[in-house]
Amino acid sequence: MAGPLSHIRVLDLSRVLAGPWAGQNLADLGAEVIKVERPGSGDDSRAFGPPWVKDKDGRDTEDSAYYTSANRGKKSITVDISKPEGQKLVRELTRISDVLIENYKFGDLARYRLSYEDLNKINPRLVYCSSRASARPGPIASAPATTS
């Protein structure tokens, strides 16, 4: 049975906690969610264990249970957005997406011409969702989130 968001495509550039969880909720409601991960390491939350996902023989894998649950129902691709060809691929996916989720530090995606202002020119109907620890503008806008 198709969910209420089965007509929506989401480009998920998020990693760690709030962003992937938002994408998970959209996938649970039927959206097609395309998760973009870094080459080599993927989403940081792959290492947020224990608990770890077990393989068929009951041994721990390198994927945390959190990562698996927060990214269920998503398609996953590896893209290096620091490279021009990776940036081009994200722009092409933006053109055919309805929603983009990201939780990079403020200004990080602008370095790659993947900011809201850049991607809105490609797809003016794109809903661009940013989830970050600090608002913009402000004295700590470019600082990463931390836990204490």
# chains A, B, ... in the order shown; residues from 1 in each chain; ligands from 1

$ residues_around --residues "A:Leu114" --least-positions-apart "5" --cutoff "10 Å" --atoms "only C-alpha atoms" --output "MDAnalysis selection string"
chainID A and resid 81 87:88 90:91 94 107:109 119:120

$ closest_residue --among "A:Asp43, A:Asp98, A:Asp55, A:Glu117" --to "A:Ser76" --atoms "only C-alpha atoms"
A:Asp43

$ atom_distance --atom1 "atom CA of A:Ile122" --atom2 "atom CA of A:Glu32"
19.9 Å

$ closest_residue --among "A:Ile34, A:Tyr67, A:Gln24, A:Glu62" --to "A:Val10" --atoms "only C-alpha atoms"
A:Ile34

$ select_by_dssp --residues "stretch 1-144 of chain A" --states "alpha helix (DSSP H)" --output "ChimeraX atom specification"
/A:18-28,65-70,84-95,116-122

$ write_last_selection --atoms "C-alpha atoms" --output "PDB file, in the first residue's frame"
ATOM      1  CA  ALA A  18      17.967  14.902  13.433  1.00  0.00           C
ATOM      2  CA  GLY A  19      18.445  14.941   9.653  1.00  0.00           C
ATOM      3  CA  PRO A  20      18.373  11.182   9.077  1.00  0.00           C
ATOM      4  CA  TRP A  21      15.450  10.855  11.476  1.00  0.00           C
ATOM      5  CA  ALA A  22      13.470  13.445   9.489  1.00  0.00           C
ATOM      6  CA  GLY A  23      14.194  11.489   6.302  1.00  0.00           C
ATOM      7  CA  GLN A  24      13.158   8.262   8.019  1.00  0.00           C
ATOM      8  CA  ASN A  25       9.785   9.752   8.881  1.00  0.00           C
ATOM      9  CA  LEU A  26       9.248  10.842   5.273  1.00  0.00           C
ATOM     10  CA  ALA A  27      10.242   7.378   4.020  1.00  0.00           C
ATOM     11  CA  ASP A  28       7.867   5.780   6.537  1.00  0.00           C
ATOM     12  CA  ALA A  65      21.303  -0.303  15.006  1.00  0.00           C
ATOM     13  CA  TYR A  66      20.611   3.453  15.144  1.00  0.00           C
ATOM     14  CA  TYR A  67      21.948   3.984  11.613  1.00  0.00           C
ATOM     15  CA  THR A  68      19.865   1.102  10.292  1.00  0.00           C
ATOM     16  CA  SER A  69      16.665   2.350  11.901  1.00  0.00           C
ATOM     17  CA  ALA A  70      17.169   6.027  10.968  1.00  0.00           C
ATOM     18  CA  PRO A  84      32.890  18.821  -9.171  1.00  0.00           C
ATOM     19  CA  GLU A  85      31.328  15.590 -10.482  1.00  0.00           C
ATOM     20  CA  GLY A  86      29.719  14.955  -7.072  1.00  0.00           C
ATOM     21  CA  GLN A  87      28.349  18.491  -6.951  1.00  0.00           C
ATOM     22  CA  LYS A  88      26.978  18.047 -10.462  1.00  0.00           C
ATOM     23  CA  LEU A  89      25.203  14.831  -9.425  1.00  0.00           C
ATOM     24  CA  VAL A  90      23.597  16.539  -6.409  1.00  0.00           C
ATOM     25  CA  ARG A  91      22.384  19.359  -8.684  1.00  0.00           C
ATOM     26  CA  GLU A  92      20.919  16.816 -11.126  1.00  0.00           C
ATOM     27  CA  LEU A  93      19.118  15.030  -8.280  1.00  0.00           C
ATOM     28  CA  THR A  94      17.895  18.386  -6.963  1.00  0.00           C
ATOM     29  CA  ARG A  95      16.263  19.080 -10.312  1.00  0.00           C
ATOM     30  CA  TYR A 116      19.528  26.989  -0.750  1.00  0.00           C
ATOM     31  CA  GLU A 117      20.224  30.007  -2.968  1.00  0.00           C
ATOM     32  CA  ASP A 118      22.153  27.863  -5.457  1.00  0.00           C
ATOM     33  CA  LEU A 119      19.709  24.968  -5.599  1.00  0.00           C
ATOM     34  CA  ASN A 120      16.618  27.192  -5.673  1.00  0.00           C
ATOM     35  CA  LYS A 121      17.832  28.451  -9.063  1.00  0.00           C
ATOM     36  CA  ILE A 122      17.776  24.862 -10.348  1.00  0.00           C
TER      37      ILE A 122
END

$ closest_residue --among "A:Leu29, A:Gly73, A:Val16, A:Leu126" --to "A:Pro4" --atoms "only C-alpha atoms"
A:Leu29

$ residues_around --residues "A:Glu102" --least-positions-apart "3" --cutoff "6 Å" --atoms "only C-alpha atoms" --output "ChimeraX atom specification"
/A:13-14,130

$ write_last_selection --atoms "C-alpha atoms" --output "PDB file, in the first residue's frame"
ATOM      1  CA  LEU A  13      22.134  15.011   2.388  1.00  0.00           C
ATOM      2  CA  SER A  14      21.885  14.750   6.152  1.00  0.00           C
ATOM      3  CA  SER A 130      18.091  22.603   7.173  1.00  0.00           C
TER       4      SER A 130
END

$ closest_residue --among "A:Gly40, A:Lys105, A:Ser97, A:Asn123" --to "A:Ile8" --atoms "only C-alpha atoms"
A:Ser97

$ select_by_dssp --residues "stretch 62-91 of chain A" --states "strand (DSSP E)" --output "VMD selection string"
chain A and resid 62 to 64 74 to 78

$ residues_around --residues "A:Lys74" --least-positions-apart "2" --cutoff "6 Å" --atoms "only C-alpha atoms" --output "PDB file with C-alpha atoms, in the first residue's frame"
ATOM      1  CA  VAL A  33      14.226   9.065  -0.066  1.00  0.00           C
ATOM      2  CA  ILE A  34      17.658   9.091  -1.666  1.00  0.00           C
ATOM      3  CA  ASN A  71      17.832   5.114   7.352  1.00  0.00           C
ATOM      4  CA  ARG A  72      15.281   2.352   6.800  1.00  0.00           C
TER       5      ARG A  72
END

$ residues_around --residues "A:Val79" --least-positions-apart "2" --cutoff "7 Å" --atoms "only C-alpha atoms" --output "PyMOL selection string"
chain A and resi 36-39+77+81+86
